[in-house]
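Here the structure is laid out as C-alpha cells; the discussion comes afterwards.
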Amino acid sequence: MTQRLIFNRRQLLQTSAATAALGVLGAGGARAATATLGFIYVGPKDDYGYNQAHAEGAAALKGMPGITIVEEEKVPETVDVLKTMESMINLEGAGLLFPTSFGYFDPFMLQAATKYPKIQFRHCGGLWTDKNPKNAGSYFGYIGTCQYLNGIVAGHMTKSKKLGFVAAKPIPQVLLNINSFLLGARAVDPAITCQVIFTGEWSLAVKEAEATNALLDQGADVVTCHVDSPKVVVQTAAGRGAYVCGYHANQSPLAPEKYLTGAEWNWANVYKMYATKFLAGEALPNFTRGGLADGFVKMSPLGKAVTEPARKQFEAKMAEMMKGNYAIIKGPLKDNKGGEVVAGGKAYVETAIELESMNYLVEGVIGATS
Amino acid sequence: MSEAASETSFEAVGDRRGGNLRAWVARRAEGVVIPLVALLAGMAAFSIFLLVLGKSPLELFDLMWRGGFSSWFSIQNTLSRTAPLLLAGLCVALPARLGLAVIGGEGAIVLGGVATAAVGEAIAGTGLPGPLGIAAMAIAGMAAGGVWIGGVGALRHYRAVNETISSLLMAYIAIALMNHLVEGPLRDPASLNKPSTQPLEAAYRIGSIPGSDVHWGLAVGVIACILCWVLIEKTSWGFAARVAGGNMRAAQIQGLPVGPLIVGFCAIAGACAGLGGMLEVAAVHGAANASLAAGYGYTGILVAFLARQNPLAIIPVAILLGGIDASGGLIQRRMHLPDATVLVLQGMIFISILFSDTFYGRFRMFNPELWTEKG
C-alpha cells in the first residue's frame, strides 16, 4: 500500500517543535548527526514564483543544526537534472534530494533512485505510486482553496465584475485553480465572470505580458495567474492600475498598492518535516500531501487596498477551511459549455482523486481548454 | 564570416601539394593557436569579472576542472551533455559553409523528437525488432528535421527570404506544433499534468555505451561530425558548397547548382538536428514532451561559431562546452554564484573567439612560405 500521510496542523507543529528540541540537544541524540540536502530548481531562485517558493523553503532549513543545503537553479528537464542529482550525491555527499520541477520525475528521478538505492529522493508533484522505487516519493499541496480565497477578495474588489486569469497550460492543476478562483468570486457576486488566456508555456514573459494587457483591455480589473513566475503579470497589471492576486510566492513587494493577497506554497513546513525525520534516521513518508489546514499552503497577508467586507468574508471562509475537508467543487455545477459536470448533492473535498483529472472550465469562466 | 576569414589565412594560401613538415605545421598551427589564445583571453577577461565580484578565479577554474574533467564521473557528466551539442552544432555549421546563418536548429530538434515519438507509437505492439524500429525512428527524425531546415534553404534560394529570420521564426512554429501534437493528437491520456506522447517500448530505447552511462548519441554525434567533415572537405559537393559560400555569384557564373546545394546542405543540417531530437527521445526522455525544447539548438550556434564552422572542430568545442556546463552546478553550489555566471563565461569566450577571426593571416610565423626550404 501507498504510505499516504496527510499531516494535520498539530502534527506539523509537533514536528517543528521536535526540530527546535533537536537544536537544543545538538548532534548527540540523532543517529545521523549531519545530513546534506540537495534542492534542484528549474528556474531562477528569485523568480517571485514556483522556484522562489521552494528556495524559501530550503532557506528555512539553513539554521537547522547538522543540516547542509546545496542548491542548483535553472536546471533543464533533460539529462542535465540526472547529472545534477548524481553530482550532488557523488561530489557533495547529499543523502536526500528534492528535484522540485514536475518534469524531473519521469524518467530522471526514477533512474537516479534506481541507481542510488541508499539515497532518498522526494519530488514535488504527487506522481509517486507504489510501483516506483521505495527510496523515492512525492509531496504536494492542495492550493485550490487558496485560489478560492483569492477569488473572494477579487470578487469584493472588482467594479467591472470581470476578472482575468493568465494560465500556462490547460492541465488539471491549472483548471482547478481557475475554477476555484471564479467560484470564490461568485460566492461574493454570482454575476462575476473570469476570462482566461492560456500562454501555452510555463515561462514565457512576452506572452504573459500580452495576455495581461489583453485581459485588461477587455475590462478585467482584478487579475491572477498560474505561470511559473507571476512577476510579469503582477507588474503589468499593477502598472495599469488593476488589482492583482498572487500565486506561488508573495509578490506584494512588486506592487504594494495593488497586491490584494495571494495563494502561496508553504514548503518550509514540509521541508522541515523531512529534514527532521531524516536527521533522526526515521523512515520518510513516500507520499505526503496537505492543504491549508495542514500548513502546506498559505495566504499572503491582505494588502492595504482590501476593504473591510472583503476582509471579513475572507477571514470567515479561511476559518471554515482550517477545519479541513472543505469542498470547493460541489454540485450542481455546470461547465462553461452548459453541460452538468457535478450533479446536485455531490461534493469533492480537496483530497478527492477525481479533481486530479479535471478537464473542464466552470460556468462563468470565459475561455476554452483546447 | 569565418569563411571569408579563412580565405585570408595562411592555410588557404599554403601549398597543399608539397612543402616540408615545418611548413605544414606552420600552416595548421594557425587554426589551433589562434582559437586557443582567444579561449585563454576569454577566460582572462572572465577572471577580471570574477575579481570585480570579489570571487577567486583560481577557485572557479579549479572547480571547473573538477566538475568537468578530473574524474571518470565528471568526464561522463561532460560527455552526456556533449552528445546533443554535436548534432546541434552541425545544424549551424553546414549552412554556414554556404554563407547562410541558420539559427533555428531548435525547431528541427523538437520536430525530429515528435516524429520519433509518432513512429514509436505506430510501431508499438507490432513486434518489429529493436534495431529496425530504432532505424525507422532515426529516419523519421532526420526526415522531419531535414524537411524543416531544407525548407528554410528553399525559402532562401527560391523566395529570397532571409534564412536567419525564417529559421528562427520556424523554430517558434515548430515548438508550437510540438505543443499542439503533444497536448492533442499524440497525447498519452495517462500524462495528466505533463502532457507527453506514449512512452516508447523498451525495445526501441537506446541505451548507454558499455562501461559508461553516456548514451550512444555521443558516438552517433562524433560519427556525424566526421562524415560532415569528409563531405565538406573531401567531396566535390563540399568543394562546390565552399565555392558558393565564398562568392555565391561567382559560383552561379561557374555553373554550380547553387539552388540544390543550398537546399541540400540545409536539409542535411536539419537532418543532423532531427537526429539529435530522435536521440533525446529514444535515449533520454523515452517520450516527446515540452522538455525537448531545452535550448540545445541555440547552444549549437555557439558551438558552431567557436568551431569556426569546421565539423571536426565541433567535437572538442562541444566537449569543452559540455564540461563548462557540467561544472556549472558545482560552481553554483560551492561558490554561491548564480547560474548566469556560466553564461557570462560562455559569452566572453564567444566574443573573444569571434574577435580572433581578424587575426588570421596577420602573423608571419604561420606563413608556410617562411618555413619552406627553398631550393
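If you're wondering about the labels, chains in the C-alpha cells are A, B, ... by order shown, residues count from 1 in each chain, ligands from 1 in order shown.
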Note to self: Taking only C-alpha atoms into account, find every residue of chain A that has an atom no more than 10 Å from chain B, and write it out as a PyMOL selection string.
What the structure shows: chain A and resi 38+40+43-45+69-80+82-88+90-92+102-104+106-108+125+127+169-174+200-202+356-359+370
Checklist line | Sel. of strand (DSSP E or B) residues, segment 83-175 of chain A, as a list in words | finding: Leu96, Leu97, Phe98, Pro99, Gln120, Phe121, Arg122, His123, Cys124, Ala136, Gly137, Ser138, Tyr139, Phe140, Gly141, Lys162, Leu163, Gly164, Phe165, Val166 and Ala167 of chain A
Note to self: For the structure I just gave you, how does DSSP split segment 72-160 of chain A - specifically, which residues are helix (DSSP H, G or I)? Reply as an NGL selection string.
What the structure shows: :A and (79-92 or 102-115 or 144-157)
Next item on the list: Would you list the contacts of segment 187-196 of chain A as number ranges by chain, taking every protein, DNA or RNA residue within 6 Å and counting only C-alpha atoms, but skipping same-chain residues closer than 6 positions in sequence?
Entry: A: 155, 161-166, 364-367
Any chance you can output those residues with N, CA and C atoms as a JSON list (two decimals), in the first residue's frame?
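Output saved as part.json:
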[["chain", "number", "residue", "atom", "x", "y", "z"],
["A", 155, "GLY", "N", -13.54, 39.17, -5.84],
["A", 155, "GLY", "CA", -14.98, 39.40, -6.04],
["A", 155, "GLY", "C", -15.45, 40.67, -5.35],
["A", 161, "LYS", "N", -16.88, 43.67, -12.57],
["A", 161, "LYS", "CA", -17.39, 42.29, -12.46],
["A", 161, "LYS", "C", -16.70, 41.36, -13.45],
["A", 162, "LYS", "N", -15.54, 41.78, -13.94],
["A", 162, "LYS", "CA", -14.78, 40.93, -14.85],
["A", 162, "LYS", "C", -13.40, 40.69, -14.25],
["A", 163, "LEU", "N", -13.05, 39.42, -14.12],
["A", 163, "LEU", "CA", -11.72, 39.06, -13.61],
["A", 163, "LEU", "C", -10.89, 38.49, -14.76],
["A", 164, "GLY", "N", -9.60, 38.47, -14.57],
["A", 164, "GLY", "CA", -8.72, 37.91, -15.59],
["A", 164, "GLY", "C", -7.79, 36.86, -15.00],
["A", 165, "PHE", "N", -7.45, 35.84, -15.80],
["A", 165, "PHE", "CA", -6.58, 34.76, -15.33],
["A", 165, "PHE", "C", -5.60, 34.43, -16.45],
["A", 166, "VAL", "N", -4.30, 34.60, -16.18],
["A", 166, "VAL", "CA", -3.27, 34.22, -17.15],
["A", 166, "VAL", "C", -2.77, 32.82, -16.75],
["A", 364, "GLY", "N", -19.15, 30.57, -16.23],
["A", 364, "GLY", "CA", -18.68, 31.87, -15.77],
["A", 364, "GLY", "C", -17.24, 32.13, -16.16],
["A", 365, "VAL", "N", -16.50, 31.05, -16.49],
["A", 365, "VAL", "CA", -15.15, 31.23, -17.00],
["A", 365, "VAL", "C", -15.24, 31.38, -18.51],
["A", 366, "ILE", "N", -14.66, 32.43, -19.04],
["A", 366, "ILE", "CA", -14.68, 32.65, -20.48],
["A", 366, "ILE", "C", -13.34, 32.16, -21.02],
["A", 367, "GLY", "N", -13.40, 31.15, -21.88],
["A", 367, "GLY", "CA", -12.16, 30.55, -22.40],
["A", 367, "GLY", "C", -12.41, 29.09, -22.70]]
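If you count only C-alpha atoms and ignore residues fewer than 5 places along the chain from Ser56 of chain B, what sits within 8 Å of it is Ser47, Leu50 and Leu51 of chain B.
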Margin query: as a list in words, please: the residues near Thr129 of chain A (cut-off 9 Å, only C-alpha atoms, same-chain neighbours under 3 positions excluded).
Written below: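 Once the nearby chain positions are removed, what remains is Thr2, Gly126, Asn132, Pro133, Gly137, Ser138, Asn286 and Phe287 of chain A.
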Could you dump the residues just selected with C-alpha atoms as a short mmCIF file (atom, residue, chain, number, x, y, z; two decimals), in the first residue's frame?
data_model
loop_
_atom_site.label_atom_id
_atom_site.label_comp_id
_atom_site.auth_asym_id
_atom_site.auth_seq_id
_atom_site.Cartn_x
_atom_site.Cartn_y
_atom_site.Cartn_z
CA THR A 2 0.99 3.52 -0.57
CA GLY A 126 2.34 13.88 -6.42
CA ASN A 132 8.13 3.28 -8.14
CA PRO A 133 11.36 2.85 -6.14
CA GLY A 137 8.43 9.70 -3.10
CA SER A 138 6.20 12.69 -3.75
CA ASN A 286 6.69 8.14 0.35
CA PHE A 287 3.59 10.15 -0.29
#
Mind running segment 193-252 of chain A against segment 256-264 of chain A at 12 Å and telling me each contacting residue's nearest atom pair with the distance in Å (one decimal), counting only C-alpha atoms, chain and number ascending, as CSV?
residue,atom,partner,partner_atom,distance
A:Asp221,CA,A:Lys258,CA,10.7
A:Val222,CA,A:Leu260,CA,9.2
A:Val223,CA,A:Tyr259,CA,9.9
A:Thr224,CA,A:Gly262,CA,8.6
A:Cys225,CA,A:Gly262,CA,10.1
A:His226,CA,A:Ala263,CA,10.1
A:Pro230,CA,A:Gly262,CA,10.7
A:Lys231,CA,A:Tyr259,CA,11.7
A:Val233,CA,A:Tyr259,CA,11.5
A:Val234,CA,A:Tyr259,CA,8.0
A:Gln235,CA,A:Lys258,CA,9.5
A:Thr236,CA,A:Lys258,CA,11.1
A:Ala237,CA,A:Lys258,CA,8.7
A:Ala238,CA,A:Lys258,CA,5.8
A:Gly239,CA,A:Lys258,CA,9.0
A:Arg240,CA,A:Lys258,CA,10.0
A:Gly241,CA,A:Lys258,CA,7.4
A:Ala242,CA,A:Lys258,CA,6.8
A:Tyr243,CA,A:Lys258,CA,4.8
A:Val244,CA,A:Tyr259,CA,5.1
A:Cys245,CA,A:Gly262,CA,5.0
A:Gly246,CA,A:Gly262,CA,3.9
A:Tyr247,CA,A:Ala263,CA,4.8
A:His248,CA,A:Glu264,CA,4.5
A:Ala249,CA,A:Glu264,CA,4.8
A:Asn250,CA,A:Gly262,CA,6.6
A:Gln251,CA,A:Tyr259,CA,7.5
A:Ser252,CA,A:Pro256,CA,5.0
Margin query: Residues within 7 Å of segment 344-350 of chain B, please, as an MDAnalysis selection string. Count only C-alpha atoms; anything in the same chain fewer than 3 positions from it doesn't count.
Written below: chainID B and resid 39 42:43 46 302 306 340:341 353:354
Could you build a table of the residues in segment 191-266 of chain B lying no more than 7 Å from segment 148-169 of chain B, giving for each the nearest pair of atoms and their separation in Å rounded to one decimal place, using only C-alpha atoms, ordered by chain and ascending residue number, as JSON lines?
{"residue": "B:Gly259", "atom": "CA", "partner": "B:His157", "partner_atom": "CA", "distance": 6.0}
{"residue": "B:Ile262", "atom": "CA", "partner": "B:Gly153", "partner_atom": "CA", "distance": 5.7}
{"residue": "B:Val263", "atom": "CA", "partner": "B:Gly153", "partner_atom": "CA", "distance": 4.7}
{"residue": "B:Gly264", "atom": "CA", "partner": "B:Gly150", "partner_atom": "CA", "distance": 6.7}
{"residue": "B:Cys266", "atom": "CA", "partner": "B:Gly150", "partner_atom": "CA", "distance": 4.8}
Using only N, CA and C atoms, please write the residues we just selected to a file, as a tab-separated table (two decimals), in the first residue's frame.
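Final output, again_8.tsv:
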chain	number	residue	atom	x	y	z
B	259	GLY	N	21.17	26.33	-56.17
B	259	GLY	CA	19.88	26.03	-55.51
B	259	GLY	C	19.91	24.67	-54.83
B	262	ILE	N	22.20	24.69	-51.77
B	262	ILE	CA	21.68	25.34	-50.57
B	262	ILE	C	20.62	24.47	-49.91
B	263	VAL	N	19.65	24.01	-50.71
B	263	VAL	CA	18.58	23.21	-50.12
B	263	VAL	C	19.16	21.91	-49.56
B	264	GLY	N	20.10	21.31	-50.31
B	264	GLY	CA	20.66	20.04	-49.88
B	264	GLY	C	21.43	20.17	-48.58
B	266	CYS	N	21.19	22.54	-46.33
B	266	CYS	CA	20.27	22.87	-45.24
B	266	CYS	C	19.53	21.62	-44.78
Next item on the list: Write out as a ChimeraX atom specification each polymer residue whose atoms come within 8 Å of segment 238-250 of chain B, counting only C-alpha atoms; drop sequence neighbours fewer than 5 positions from it.
Entry: /B:3-4,96-100,231-233,256,258,261-262
Item checked: Computed interatomic separation between atom CA of Tyr41 of chain A and atom CA of Arg289 of chain A (Å) ->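 If I compute the distance from atom CA of Tyr41 of chain A to atom CA of Arg289 of chain A, I get 20.0 Å.
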Check: Expressed in Å to a single decimal, how great is the separation between atom CA of Val297 of chain A and atom CA of Trp267 of chain A?
Finding: 7.6 Å
Checklist line | A:Met318, A:Ile197, A:Cys124, A:Ala275 ranked by distance to Gly141 of chain A, top pick (using only C-alpha atoms) | finding: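 The shortest atom-to-atom distance to Gly141 of chain A comes from A:Cys124.
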